[in-house]
>>> print(open('final-v8.pdb').read())   # PDB, C-alpha atoms
MODEL        1
ATOM      1  CA  MET A1383      87.748 -57.387-187.744
ATOM      2  CA  ARG A1384      86.227 -55.834-184.625
ATOM      3  CA  ALA A1385      88.673 -54.561-182.025
ATOM      4  CA  SER A1386      86.673 -56.277-179.264
ATOM      5  CA  ILE A1387      87.692 -59.591-180.822
ATOM      6  CA  VAL A1388      91.173 -58.688-182.061
ATOM      7  CA  PHE A1389      92.653 -57.517-178.770
ATOM      8  CA  PRO A1390      91.680 -60.599-176.699
ATOM      9  CA  LEU A1391      93.031 -62.844-179.475
ATOM     10  CA  LEU A1392      96.310 -60.928-179.640
ATOM     11  CA  ILE A1393      96.728 -61.026-175.863
ATOM     12  CA  ILE A1394      96.032 -64.774-175.745
ATOM     13  CA  ALA A1395      98.487 -65.416-178.611
ATOM     14  CA  LEU A1396     101.170 -63.356-176.874
ATOM     15  CA  LEU A1397     100.704 -65.095-173.510
ATOM     16  CA  LEU A1398     100.756 -68.591-175.058
ATOM     17  CA  THR A1399     103.891 -67.752-177.047
ATOM     18  CA  ALA A1400     105.558 -66.341-173.928
ATOM     19  CA  LEU A1401     104.771 -69.528-171.986
ATOM     20  CA  PHE A1402     106.183 -71.610-174.829
ATOM     21  CA  SER A1403     109.301 -69.425-174.942
ATOM     22  CA  LEU A1404     109.985 -70.062-171.263
ATOM     23  CA  GLY A1405     110.329 -73.781-171.954
ATOM     24  CA  VAL A1406     112.577 -73.794-175.007
ATOM     25  CA  GLY A1407     116.310 -73.322-175.280
ATOM     26  CA  ALA A1408     119.503 -75.257-174.615
ATOM     27  CA  VAL A1409     117.639 -76.940-171.740
ATOM     28  CA  THR A1410     114.034 -77.868-172.499
ATOM     29  CA  ILE A1411     111.642 -77.398-169.586
ATOM     30  CA  PRO A1412     108.306 -79.249-169.815
ATOM     31  CA  PRO A1413     105.177 -77.054-169.884
ATOM     32  CA  ASP A1414     103.922 -78.479-166.568
ATOM     33  CA  GLN A1415     107.200 -77.460-164.875
ATOM     34  CA  VAL A1416     106.978 -73.955-166.370
ATOM     35  CA  TRP A1417     103.394 -73.534-165.252
ATOM     36  CA  ALA A1418     104.131 -74.879-161.767
ATOM     37  CA  ALA A1419     107.097 -72.534-161.323
ATOM     38  CA  LEU A1420     105.042 -69.522-162.381
ATOM     39  CA  ARG A1421     102.366 -70.473-159.843
ATOM     40  CA  GLY A1422     104.976 -70.707-157.062
ATOM     41  CA  GLN A1423     104.775 -74.481-156.750
ATOM     42  CA  PRO A1424     107.908 -76.607-156.135
ATOM     43  CA  VAL A1425     109.818 -77.708-159.251
ATOM     44  CA  LYS A1426     113.274 -79.095-159.972
ATOM     45  CA  SER A1427     115.832 -76.677-158.590
ATOM     46  CA  PHE A1428     117.792 -76.264-161.826
ATOM     47  CA  HIS A1429     114.546 -75.616-163.725
ATOM     48  CA  ALA A1430     113.615 -72.893-161.261
ATOM     49  CA  THR A1431     117.089 -71.350-161.551
ATOM     50  CA  ILE A1432     116.967 -71.302-165.357
ATOM     51  CA  LEU A1433     113.478 -69.837-165.374
ATOM     52  CA  TRP A1434     113.791 -67.110-162.756
ATOM     53  CA  ASP A1435     117.415 -66.123-163.291
ATOM     54  CA  PHE A1436     117.412 -66.097-167.083
ATOM     55  CA  ARG A1437     114.358 -66.963-169.138
ATOM     56  CA  VAL A1438     111.635 -64.892-167.492
ATOM     57  CA  ALA A1439     113.803 -61.786-167.800
ATOM     58  CA  ARG A1440     114.693 -62.644-171.386
ATOM     59  CA  VAL A1441     111.104 -63.264-172.479
ATOM     60  CA  LEU A1442     109.964 -59.995-170.901
ATOM     61  CA  LEU A1443     112.863 -58.131-172.529
ATOM     62  CA  VAL A1444     112.149 -59.617-175.963
ATOM     63  CA  ALA A1445     108.463 -58.688-175.688
ATOM     64  CA  LEU A1446     109.350 -55.176-174.496
ATOM     65  CA  THR A1447     111.791 -54.703-177.381
ATOM     66  CA  GLY A1448     109.288 -55.898-179.974
ATOM     67  CA  ALA A1449     106.586 -53.629-178.564
ATOM     68  CA  ALA A1450     108.955 -50.638-178.488
ATOM     69  CA  LEU A1451     110.019 -51.138-182.118
ATOM     70  CA  ALA A1452     106.397 -51.569-183.187
ATOM     71  CA  VAL A1453     105.104 -48.438-181.441
ATOM     72  CA  ALA A1454     107.967 -46.419-182.925
ATOM     73  CA  GLY A1455     107.124 -47.811-186.346
ATOM     74  CA  ALA A1456     103.463 -46.864-185.956
ATOM     75  CA  ALA A1457     104.496 -43.322-185.001
ATOM     76  CA  PHE A1458     106.881 -42.872-187.920
ATOM     77  CA  GLN A1459     104.442 -44.356-190.435
ATOM     78  CA  GLY A1460     101.765 -41.950-189.278
ATOM     79  CA  LEU A1461     104.127 -38.990-189.165
ATOM     80  CA  PHE A1462     105.591 -39.607-192.621
ATOM     81  CA  ARG A1463     102.286 -40.897-194.054
ATOM     82  CA  ASN A1464     104.207 -43.868-195.450
ATOM     83  CA  PRO A1465     103.746 -47.558-194.547
ATOM     84  CA  LEU A1466     107.395 -48.261-195.399
ATOM     85  CA  ALA A1467     108.722 -45.991-192.643
ATOM     86  CA  ASP A1468     110.326 -47.765-189.690
ATOM     87  CA  PRO A1469     112.065 -46.866-186.401
ATOM     88  CA  TYR A1470     115.456 -46.477-188.068
ATOM     89  CA  ILE A1471     114.426 -43.849-190.582
ATOM     90  CA  VAL A1472     115.948 -40.966-188.608
ATOM     91  CA  GLY A1473     119.308 -42.556-187.849
ATOM     92  CA  ALA A1474     118.578 -44.205-184.503
ATOM     93  CA  SER A1475     120.021 -47.606-185.452
ATOM     94  CA  SER A1476     123.218 -46.164-186.894
ATOM     95  CA  GLY A1477     123.731 -43.990-183.815
ATOM     96  CA  ALA A1478     123.168 -46.977-181.546
ATOM     97  CA  ALA A1479     125.589 -49.052-183.599
ATOM     98  CA  LEU A1480     128.287 -46.389-183.301
ATOM     99  CA  GLY A1481     127.729 -46.055-179.547
ATOM    100  CA  ALA A1482     127.940 -49.816-179.045
ATOM    101  CA  THR A1483     131.020 -50.109-181.234
ATOM    102  CA  LEU A1484     132.830 -47.403-179.261
ATOM    103  CA  ALA A1485     131.813 -49.109-176.001
ATOM    104  CA  VAL A1486     133.358 -52.401-177.129
ATOM    105  CA  ILE A1487     136.569 -50.766-178.331
ATOM    106  CA  LEU A1488     136.988 -48.578-175.243
ATOM    107  CA  ASN A1489     135.973 -51.392-172.833
ATOM    108  CA  PHE A1490     133.058 -49.309-171.579
ATOM    109  CA  ARG A1491     131.187 -51.247-168.911
ATOM    110  CA  SER A1492     127.653 -50.801-170.249
ATOM    111  CA  LEU A1493     127.305 -51.458-173.971
ATOM    112  CA  SER A1494     123.530 -50.998-173.806
ATOM    113  CA  SER A1495     123.860 -47.552-172.213
ATOM    114  CA  ALA A1496     126.322 -46.468-174.902
ATOM    115  CA  ALA A1497     123.928 -47.688-177.598
ATOM    116  CA  PHE A1498     121.061 -45.810-175.970
ATOM    117  CA  LEU A1499     123.030 -42.561-175.862
ATOM    118  CA  GLY A1500     124.230 -43.028-179.424
ATOM    119  CA  ALA A1501     120.693 -43.526-180.724
ATOM    120  CA  LEU A1502     119.280 -40.505-178.918
ATOM    121  CA  GLY A1503     122.225 -38.317-179.900
ATOM    122  CA  SER A1504     121.911 -39.145-183.580
ATOM    123  CA  VAL A1505     118.174 -38.442-183.594
ATOM    124  CA  LEU A1506     118.633 -35.093-181.870
ATOM    125  CA  LEU A1507     121.270 -34.168-184.449
ATOM    126  CA  VAL A1508     119.016 -35.202-187.334
ATOM    127  CA  TYR A1509     116.143 -33.145-185.959
ATOM    128  CA  ALA A1510     118.394 -30.097-185.436
ATOM    129  CA  ILE A1511     119.672 -30.360-189.024
ATOM    130  CA  ALA A1512     116.127 -30.707-190.361
ATOM    131  CA  GLU A1513     114.882 -27.696-188.418
ATOM    132  CA  ALA A1514     117.773 -25.538-189.645
ATOM    133  CA  SER A1515     117.558 -26.633-193.288
ATOM    134  CA  GLY A1516     114.637 -24.479-194.400
ATOM    135  CA  TYR A1517     113.084 -27.387-196.322
ATOM    136  CA  ASP A1518     109.723 -28.971-195.652
ATOM    137  CA  SER A1519     110.169 -30.605-192.249
ATOM    138  CA  ILE A1520     109.096 -34.119-193.261
ATOM    139  CA  VAL A1521     111.358 -34.205-196.318
ATOM    140  CA  ALA A1522     114.215 -32.669-194.334
ATOM    141  CA  LEU A1523     113.923 -35.332-191.631
ATOM    142  CA  LEU A1524     114.079 -38.104-194.225
ATOM    143  CA  LEU A1525     117.074 -36.603-196.040
ATOM    144  CA  ALA A1526     118.987 -35.724-192.871
ATOM    145  CA  GLY A1527     118.334 -39.176-191.445
ATOM    146  CA  ALA A1528     119.551 -40.906-194.599
ATOM    147  CA  ALA A1529     122.687 -38.759-194.793
ATOM    148  CA  LEU A1530     123.629 -39.136-191.132
ATOM    149  CA  SER A1531     122.918 -42.892-191.183
ATOM    150  CA  ALA A1532     125.333 -43.323-194.091
ATOM    151  CA  MET A1533     128.037 -41.356-192.282
ATOM    152  CA  LEU A1534     127.600 -43.189-188.985
ATOM    153  CA  SER A1535     127.560 -46.593-190.711
ATOM    154  CA  ALA A1536     130.791 -45.691-192.460
ATOM    155  CA  GLY A1537     132.266 -44.747-189.078
ATOM    156  CA  VAL A1538     131.258 -48.123-187.625
ATOM    157  CA  SER A1539     132.845 -49.940-190.575
ATOM    158  CA  LEU A1540     136.087 -47.993-190.158
ATOM    159  CA  LEU A1541     136.249 -48.746-186.429
ATOM    160  CA  MET A1542     135.657 -52.458-187.110
ATOM    161  CA  ILE A1543     138.508 -52.520-189.633
ATOM    162  CA  LEU A1544     140.877 -50.753-187.245
ATOM    163  CA  ASN A1545     139.974 -53.012-184.294
ATOM    164  CA  GLU A1546     139.923 -56.569-185.586
ATOM    165  CA  GLU A1547     140.156 -58.070-182.093
ATOM    166  CA  ALA A1548     136.692 -56.684-181.297
ATOM    167  CA  LEU A1549     135.230 -57.552-184.696
ATOM    168  CA  LYS A1550     133.250 -60.616-183.624
ATOM    169  CA  GLU A1551     131.628 -58.970-180.596
ATOM    170  CA  ILE A1552     130.622 -55.904-182.608
ATOM    171  CA  PHE A1553     129.294 -57.971-185.499
ATOM    172  CA  VAL A1554     127.158 -60.175-183.234
ATOM    173  CA  TRP A1555     125.612 -57.109-181.606
ATOM    174  CA  LEU A1556     124.892 -55.510-184.988
ATOM    175  CA  MET A1557     122.997 -58.652-186.044
ATOM    176  CA  GLY A1558     120.680 -58.337-183.022
ATOM    177  CA  GLY A1559     119.959 -60.860-180.307
ATOM    178  CA  PHE A1560     119.285 -61.493-176.636
ATOM    179  CA  SER A1561     121.941 -64.005-175.649
ATOM    180  CA  GLY A1562     123.131 -63.408-172.094
ATOM    181  CA  ARG A1563     120.465 -60.828-171.333
ATOM    182  CA  SER A1564     119.263 -60.656-167.740
ATOM    183  CA  TRP A1565     117.114 -58.639-165.351
ATOM    184  CA  SER A1566     119.558 -55.718-165.368
ATOM    185  CA  HIS A1567     119.111 -55.283-169.130
ATOM    186  CA  LEU A1568     115.331 -55.355-168.683
ATOM    187  CA  TRP A1569     115.359 -52.636-166.010
ATOM    188  CA  ARG A1570     117.644 -50.411-168.085
ATOM    189  CA  ALA A1571     115.395 -50.649-171.149
ATOM    190  CA  LEU A1572     112.054 -50.501-169.349
ATOM    191  CA  GLY A1573     111.883 -46.792-168.544
ATOM    192  CA  GLY A1574     112.764 -45.527-172.010
ATOM    193  CA  ALA A1575     110.489 -47.984-173.789
ATOM    194  CA  LEU A1576     107.472 -47.257-171.587
ATOM    195  CA  ALA A1577     108.024 -43.496-171.658
ATOM    196  CA  GLY A1578     108.308 -43.471-175.449
ATOM    197  CA  ALA A1579     105.238 -45.647-175.897
ATOM    198  CA  ALA A1580     103.178 -43.580-173.444
ATOM    199  CA  LEU A1581     104.125 -40.336-175.206
ATOM    200  CA  ILE A1582     103.194 -41.744-178.622
ATOM    201  CA  TRP A1583      99.884 -43.149-177.381
ATOM    202  CA  SER A1584      99.009 -39.802-175.814
ATOM    203  CA  LEU A1585      99.459 -38.287-179.298
ATOM    204  CA  ALA A1586      97.085 -40.711-181.015
ATOM    205  CA  ARG A1587      94.650 -37.983-182.105
ATOM    206  CA  PRO A1588      97.370 -35.662-183.484
ATOM    207  CA  LEU A1589      98.733 -38.684-185.362
ATOM    208  CA  ASP A1590      95.301 -39.233-186.921
ATOM    209  CA  ALA A1591      95.292 -35.597-188.030
ATOM    210  CA  LEU A1592      98.839 -35.774-189.438
ATOM    211  CA  SER A1593      98.006 -38.964-191.306
ATOM    212  CA  ALA A1594      95.322 -37.027-193.192
ATOM    213  CA  GLY A1595      97.914 -34.483-194.356
ATOM    214  CA  GLU A1596      99.536 -31.408-192.865
ATOM    215  CA  ALA A1597      97.012 -29.039-194.430
ATOM    216  CA  SER A1598      94.167 -30.918-192.759
ATOM    217  CA  ALA A1599      96.049 -31.015-189.470
ATOM    218  CA  GLU A1600      96.614 -27.264-189.538
ATOM    219  CA  ALA A1601      92.946 -26.708-190.355
ATOM    220  CA  LEU A1602      92.092 -28.650-187.196
ATOM    221  CA  GLY A1603      94.293 -26.325-185.155
ATOM    222  CA  LEU A1604      97.214 -28.722-184.627
ATOM    223  CA  HIS A1605     100.581 -27.138-183.855
ATOM    224  CA  LEU A1606     102.625 -29.071-186.441
ATOM    225  CA  ARG A1607     106.132 -28.341-185.208
ATOM    226  CA  ARG A1608     105.304 -29.219-181.611
ATOM    227  CA  ALA A1609     103.479 -32.413-182.620
ATOM    228  CA  ARG A1610     106.318 -33.550-184.898
ATOM    229  CA  LEU A1611     108.919 -32.922-182.209
ATOM    230  CA  ALA A1612     106.934 -34.852-179.597
ATOM    231  CA  LEU A1613     106.368 -37.791-181.952
ATOM    232  CA  VAL A1614     110.007 -37.962-183.010
ATOM    233  CA  ALA A1615     111.072 -37.764-179.357
ATOM    234  CA  GLY A1616     108.713 -40.553-178.280
ATOM    235  CA  ALA A1617     109.558 -42.831-181.204
ATOM    236  CA  SER A1618     113.281 -42.232-180.820
ATOM    237  CA  LEU A1619     113.164 -42.915-177.085
ATOM    238  CA  ALA A1620     111.379 -46.222-177.677
ATOM    239  CA  THR A1621     113.786 -47.153-180.481
ATOM    240  CA  ALA A1622     116.851 -46.266-178.415
ATOM    241  CA  ALA A1623     115.605 -48.453-175.556
ATOM    242  CA  ALA A1624     114.970 -51.325-177.986
ATOM    243  CA  VAL A1625     118.339 -51.224-179.718
ATOM    244  CA  SER A1626     120.185 -50.840-176.424
ATOM    245  CA  ALA A1627     118.494 -54.048-175.251
ATOM    246  CA  GLY A1628     118.679 -56.271-178.322
ATOM    247  CA  GLY A1629     121.012 -54.685-180.830
ATOM    248  CA  VAL A1630     119.992 -53.720-184.344
ATOM    249  CA  ILE A1631     116.813 -55.683-185.161
ATOM    250  CA  GLY A1632     115.135 -54.726-188.399
ATOM    251  CA  PHE A1633     111.626 -54.883-189.832
ATOM    252  CA  ILE A1634     109.558 -55.430-186.652
ATOM    253  CA  GLY A1635     108.671 -51.725-186.730
ATOM    254  CA  LEU A1636     107.651 -52.093-190.368
ATOM    255  CA  ILE A1637     105.602 -55.296-190.193
ATOM    256  CA  ALA A1638     103.719 -54.974-186.895
ATOM    257  CA  PRO A1639     101.973 -51.613-187.570
ATOM    258  CA  HIS A1640     101.026 -52.709-191.076
ATOM    259  CA  LEU A1641      99.430 -55.939-189.821
ATOM    260  CA  ALA A1642      97.721 -54.034-187.008
ATOM    261  CA  ARG A1643      96.274 -51.581-189.525
ATOM    262  CA  ARG A1644      94.702 -54.524-191.376
ATOM    263  CA  LEU A1645      93.188 -55.855-188.152
ATOM    264  CA  VAL A1646      91.949 -52.761-186.290
ATOM    265  CA  GLY A1647      92.004 -49.959-188.850
ATOM    266  CA  ALA A1648      94.003 -46.739-189.039
ATOM    267  CA  VAL A1649      92.725 -44.972-185.901
ATOM    268  CA  HIS A1650      95.856 -44.674-183.775
ATOM    269  CA  ALA A1651      94.134 -45.097-180.425
ATOM    270  CA  ARG A1652      93.598 -48.749-181.491
ATOM    271  CA  LEU A1653      96.476 -49.085-183.928
ATOM    272  CA  ILE A1654      99.192 -48.291-181.369
ATOM    273  CA  PRO A1655      98.343 -50.979-178.750
ATOM    274  CA  ALA A1656      97.621 -53.534-181.477
ATOM    275  CA  SER A1657     101.016 -52.816-183.043
ATOM    276  CA  MET A1658     102.734 -53.261-179.680
ATOM    277  CA  LEU A1659     101.083 -56.643-179.076
ATOM    278  CA  LEU A1660     101.969 -57.828-182.586
ATOM    279  CA  GLY A1661     105.536 -56.556-182.309
ATOM    280  CA  ALA A1662     106.056 -58.380-179.018
ATOM    281  CA  TRP A1663     104.556 -61.580-180.450
ATOM    282  CA  LEU A1664     106.590 -61.498-183.674
ATOM    283  CA  LEU A1665     109.886 -60.908-181.885
ATOM    284  CA  LEU A1666     109.176 -63.701-179.396
ATOM    285  CA  LEU A1667     108.640 -66.088-182.311
ATOM    286  CA  ALA A1668     111.867 -64.940-183.959
ATOM    287  CA  ASP A1669     113.800 -65.348-180.693
ATOM    288  CA  ASP A1670     112.408 -68.861-180.240
ATOM    289  CA  LEU A1671     113.690 -69.779-183.706
ATOM    290  CA  ALA A1672     117.064 -68.229-182.941
ATOM    291  CA  ARG A1673     117.426 -70.387-179.826
ATOM    292  CA  THR A1674     116.136 -73.699-181.159
ATOM    293  CA  LEU A1675     116.903 -73.990-184.881
ATOM    294  CA  LEU A1676     120.563 -75.114-184.554
ATOM    295  CA  PRO A1677     121.086 -76.162-180.920
ATOM    296  CA  PRO A1678     123.306 -75.596-179.012
ATOM    297  CA  ILE A1679     124.228 -72.641-181.252
ATOM    298  CA  GLU A1680     122.123 -69.523-180.717
ATOM    299  CA  LEU A1681     121.675 -67.557-183.930
ATOM    300  CA  PRO A1682     121.235 -63.766-184.127
ATOM    301  CA  VAL A1683     117.550 -62.907-184.014
ATOM    302  CA  GLY A1684     118.086 -60.214-186.658
ATOM    303  CA  ILE A1685     118.589 -62.956-189.241
ATOM    304  CA  PHE A1686     115.028 -64.180-188.793
ATOM    305  CA  THR A1687     113.413 -60.750-188.733
ATOM    306  CA  ALA A1688     115.285 -59.943-191.970
ATOM    307  CA  PHE A1689     114.095 -63.178-193.605
ATOM    308  CA  LEU A1690     110.549 -62.233-192.644
ATOM    309  CA  GLY A1691     110.778 -58.498-193.288
ATOM    310  CA  GLY A1692     112.603 -58.509-196.612
ATOM    311  CA  PRO A1693     109.872 -60.335-198.560
ATOM    312  CA  PHE A1694     107.210 -58.324-196.685
ATOM    313  CA  PHE A1695     108.884 -55.082-197.765
ATOM    314  CA  LEU A1696     108.975 -56.251-201.393
ATOM    315  CA  PHE A1697     105.329 -57.282-201.159
ATOM    316  CA  LEU A1698     104.362 -53.782-200.038
ATOM    317  CA  LEU A1699     106.302 -52.271-202.915
ATOM    318  CA  ARG A1700     104.608 -54.603-205.394
ATOM    319  CA  GLN A1701     101.206 -53.681-203.996
ATOM    320  CA  GLY A1702     101.981 -50.007-204.563
ATOM    321  CA  ARG A1703     101.837 -49.173-200.843
ATOM    322  CA  GLY A1704     105.347 -47.871-200.519
ATOM    323  CA  LYS A1705     105.277 -44.434-202.078
ATOM    324  CA  LEU A1706     108.195 -42.437-200.772
TER     325      LEU A1706
ENDMDL
END
>>> encode(input="final-v8.pdb", output="structure tokens")
Amino acid sequence: MRASIVFPLLIIALLLTALFSLGVGAVTIPPDQVWAALRGQPVKSFHATILWDFRVARVLLVALTGAALAVAGAAFQGLFRNPLADPYIVGASSGAALGATLAVILNFRSLSSAAFLGALGSVLLVYAIAEASGYDSIVALLLAGAALSAMLSAGVSLLMILNEEALKEIFVWLMGGFSGRSWSHLWRALGGALAGAALIWSLARPLDALSAGEASAEALGLHLRRARLALVAGASLATAAAVSAGGVIGFIGLIAPHLARRLVGAVHARLIPASMLLGAWLLLLADDLARTLLPPIELPVGIFTAFLGGPFFLFLLRQGRGKL
């Protein structure tokens, strides 16, 4: 499908879904009230309070998180030349989980900041291990990420066992979700997500070269080590911002780039923005389900992304697209 058609359709779908999301929840707000409030017209006072104090910030944060996970997924899939790669392949989710768990146990004021630092710290450690290993850099990153993720996950499990009083809060965060999120969470996540996405998009041409193979990239004069470091930094920054905002949310970074590749092709200058739009749209849909399926209970959004992503992952394997 031509990009000139795809991008307007994706933008329209995202905007319509966002408008719908503003009206659903524990209190349903009619579409005319939502539209009037957004245009600055007078509406019922409690509708305006719900919209401007909570839902607008939440919808923007959900879209930002989905876009950040998707752009990180596009970067890692291009870097590793594997459509099954996702933002958590280098230990970012496990590091974020450990940071958040420690924040809960130690009564640290900002859980999201602790998760952000944990994610970035784990990725830096993985990259340092990979660089010092002497193995092929791509393979070393995969192996170091898998090893460190296992260790950090074990650490989280141990801390949960030793601190049963904090078990529920930790578990809910690990399942992913946006309950109680506000403008402050959006501002904290915004800088990292935008910086990571901008860095990755600026490396669209090197990503195209790396996707063709390292030998081809070197023949084109690409500095492989510098390009890999920049891509890992950008993808990790975006992932850290996402997990600090919404917890551990799987599969968006896997699904969105793959769907975008079907729609706009493999050229990263188009693939990256298409992935971001799809990631934002998919996570908004999942968050809407989380808020409305069993009212007044709000379910973790990670449940719905797992229900969607698990079968999608198996489909890719069956199609022979998941060579590791």
>>> atom_distance(input="final-v8.pdb", atom1="atom CA of A:Pro1682", atom2="atom CA of A:Gln1415")
27.5 Å
>>> atom_distance(input="final-v8.pdb", atom1="atom CA of A:Leu1592", atom2="atom CA of A:Leu1461")
6.2 Å
>>> residues_around(input="final-v8.pdb", residues="A:Leu1666", least_positions_apart="4", cutoff="7 Å", atoms="only C-alpha atoms", output="list in words")
Val1444, Ala1445, Ala1662 and Asp1670 of chain A
>>> atom_distance(input="final-v8.pdb", atom1="atom CA of A:Arg1610", atom2="atom CA of A:Gly1460")
10.5 Å
>>> resolve_selection(input="final-v8.pdb", expression="the PyMOL selection byres ((chain A and resi 1556) around 10)", output="MDAnalysis selection string")
chainID A and resid 1475:1476 1478:1480 1482:1483 1550:1555 1557:1559 1625 1628:1631 1682 1684
>>> write_last_selection(input="final-v8.pdb", atoms="C-alpha atoms", output="short mmCIF file (atom, residue, chain, number, x, y, z; two decimals), in the coordinates of the input")
data_model
loop_
_atom_site.label_atom_id
_atom_site.label_comp_id
_atom_site.auth_asym_id
_atom_site.auth_seq_id
_atom_site.Cartn_x
_atom_site.Cartn_y
_atom_site.Cartn_z
CA SER A 1475 120.02 -47.61 -185.45
CA SER A 1476 123.22 -46.16 -186.89
CA ALA A 1478 123.17 -46.98 -181.55
CA ALA A 1479 125.59 -49.05 -183.60
CA LEU A 1480 128.29 -46.39 -183.30
CA ALA A 1482 127.94 -49.82 -179.04
CA THR A 1483 131.02 -50.11 -181.23
CA LYS A 1550 133.25 -60.62 -183.62
CA GLU A 1551 131.63 -58.97 -180.60
CA ILE A 1552 130.62 -55.90 -182.61
CA PHE A 1553 129.29 -57.97 -185.50
CA VAL A 1554 127.16 -60.18 -183.23
CA TRP A 1555 125.61 -57.11 -181.61
CA MET A 1557 123.00 -58.65 -186.04
CA GLY A 1558 120.68 -58.34 -183.02
CA GLY A 1559 119.96 -60.86 -180.31
CA VAL A 1625 118.34 -51.22 -179.72
CA GLY A 1628 118.68 -56.27 -178.32
CA GLY A 1629 121.01 -54.68 -180.83
CA VAL A 1630 119.99 -53.72 -184.34
CA ILE A 1631 116.81 -55.68 -185.16
CA PRO A 1682 121.24 -63.77 -184.13
CA GLY A 1684 118.09 -60.21 -186.66
#
>>> resolve_selection(input="final-v8.pdb", expression="the PyMOL selection byres ((chain A and resi 1652) around 12)", output="MDAnalysis selection string")
chainID A and resid 1384:1386 1388:1389 1453 1456 1583:1584 1586:1587 1589:1590 1639 1642:1651 1653:1659
>>> closest_residue(input="final-v8.pdb", among="A:Leu1667, A:Val1406, A:Leu1581, A:Ile1543", to="A:Gly1616", atoms="all atoms listed in the file")
A:Leu1581
>>> residues_around(input="final-v8.pdb", residues="A:Leu1613", least_positions_apart="4", cutoff="8 Å", atoms="all atoms listed in the file", output="list of chain:residue names")
A:Ala1457, A:Phe1458, A:Leu1461, A:Leu1581, A:Ile1582, A:Leu1585, A:Ala1609, A:Ala1617
>>> resolve_selection(input="final-v8.pdb", expression="the PyMOL selection byres ((chain A and resi 1497) around 6)", output="list in words")
Ala1478, Gly1481, Ala1482, Ser1494, Ser1495, Ala1496, Phe1498, Leu1499, Gly1500 and Ser1626 of chain A
>>> residues_near_point(input="final-v8.pdb", point="(113.4, -37.9, -191.1)", cutoff="9 Å", atoms="all atoms listed in the file", output="MDAnalysis selection string")
chainID A and resid 1458 1462 1471:1473 1505 1508:1509 1512 1519:1528 1614
>>> write_last_selection(input="final-v8.pdb", atoms="C-alpha atoms", output="compact mmCIF listing (two decimals), keeping the file's coordinate frame")
# COMPACT_ATOMS: atom_id res chain seq x y z
CA PHE A 1458 106.88 -42.87 -187.92
CA PHE A 1462 105.59 -39.61 -192.62
CA ILE A 1471 114.43 -43.85 -190.58
CA VAL A 1472 115.95 -40.97 -188.61
CA GLY A 1473 119.31 -42.56 -187.85
CA VAL A 1505 118.17 -38.44 -183.59
CA VAL A 1508 119.02 -35.20 -187.33
CA TYR A 1509 116.14 -33.15 -185.96
CA ALA A 1512 116.13 -30.71 -190.36
CA SER A 1519 110.17 -30.60 -192.25
CA ILE A 1520 109.10 -34.12 -193.26
CA VAL A 1521 111.36 -34.20 -196.32
CA ALA A 1522 114.22 -32.67 -194.33
CA LEU A 1523 113.92 -35.33 -191.63
CA LEU A 1524 114.08 -38.10 -194.22
CA LEU A 1525 117.07 -36.60 -196.04
CA ALA A 1526 118.99 -35.72 -192.87
CA GLY A 1527 118.33 -39.18 -191.44
CA ALA A 1528 119.55 -40.91 -194.60
CA VAL A 1614 110.01 -37.96 -183.01
>>> closest_residue(input="final-v8.pdb", among="A:Ile1511, A:Ala1449, A:Leu1568, A:Ala1529", to="A:Phe1436", atoms="all atoms listed in the file")
A:Leu1568
>>> closest_residue(input="final-v8.pdb", among="A:Gly1407, A:Ser1618, A:Trp1434, A:Trp1569", to="A:Leu1681", atoms="all atoms listed in the file")
A:Gly1407
>>> residues_near_point(input="final-v8.pdb", point="(109.0, -65.3, -160.8)", cutoff="8 Å", atoms="all atoms listed in the file", output="list of chain:residue names")
A:Ala1419, A:Leu1420, A:Gly1422, A:Leu1433, A:Trp1434, A:Val1438
>>> axis_aligned_box(input="final-v8.pdb", around="stretch 1582-1601 of chain A", padding_each_side="4 Å", output="AutoDock Vina command-line options")
--center_x 98.1 --center_y -34.9 --center_z -185.1 --size_x 18.2 --size_y 24.4 --size_z 26.6
>>> closest_residue(input="final-v8.pdb", among="A:Leu1544, A:Ala1571, A:Leu1665, A:Ala1579", to="A:Gly1632", atoms="all atoms listed in the file")
A:Leu1665
>>> residues_around(input="final-v8.pdb", residues="A:Ala1467", least_positions_apart="6", cutoff="7 Å", atoms="all atoms listed in the file", output="PyMOL selection string")
chain A and resi 1455+1458-1459+1636
>>> build_atoms(input="final-v8.pdb", residues="stretch 1383-1389 of chain A", atoms="N, CA and C atoms", output="compact mmCIF listing (two decimals), in the coordinates of the input")
# COMPACT_ATOMS: atom_id res chain seq x y z
N MET A 1383 88.09 -56.62 -188.94
CA MET A 1383 87.75 -57.39 -187.74
C MET A 1383 87.53 -56.44 -186.57
N ARG A 1384 86.55 -56.71 -185.74
CA ARG A 1384 86.23 -55.83 -184.62
C ARG A 1384 87.31 -55.88 -183.57
N ALA A 1385 87.62 -54.68 -183.02
CA ALA A 1385 88.67 -54.56 -182.02
C ALA A 1385 88.35 -55.38 -180.77
N SER A 1386 87.07 -55.52 -180.45
CA SER A 1386 86.67 -56.28 -179.26
C SER A 1386 87.06 -57.75 -179.37
N ILE A 1387 87.25 -58.21 -180.60
CA ILE A 1387 87.69 -59.59 -180.82
C ILE A 1387 89.20 -59.65 -181.00
N VAL A 1388 89.75 -58.67 -181.73
CA VAL A 1388 91.17 -58.69 -182.06
C VAL A 1388 92.05 -58.63 -180.82
N PHE A 1389 91.76 -57.70 -179.91
CA PHE A 1389 92.65 -57.52 -178.77
C PHE A 1389 92.71 -58.74 -177.85
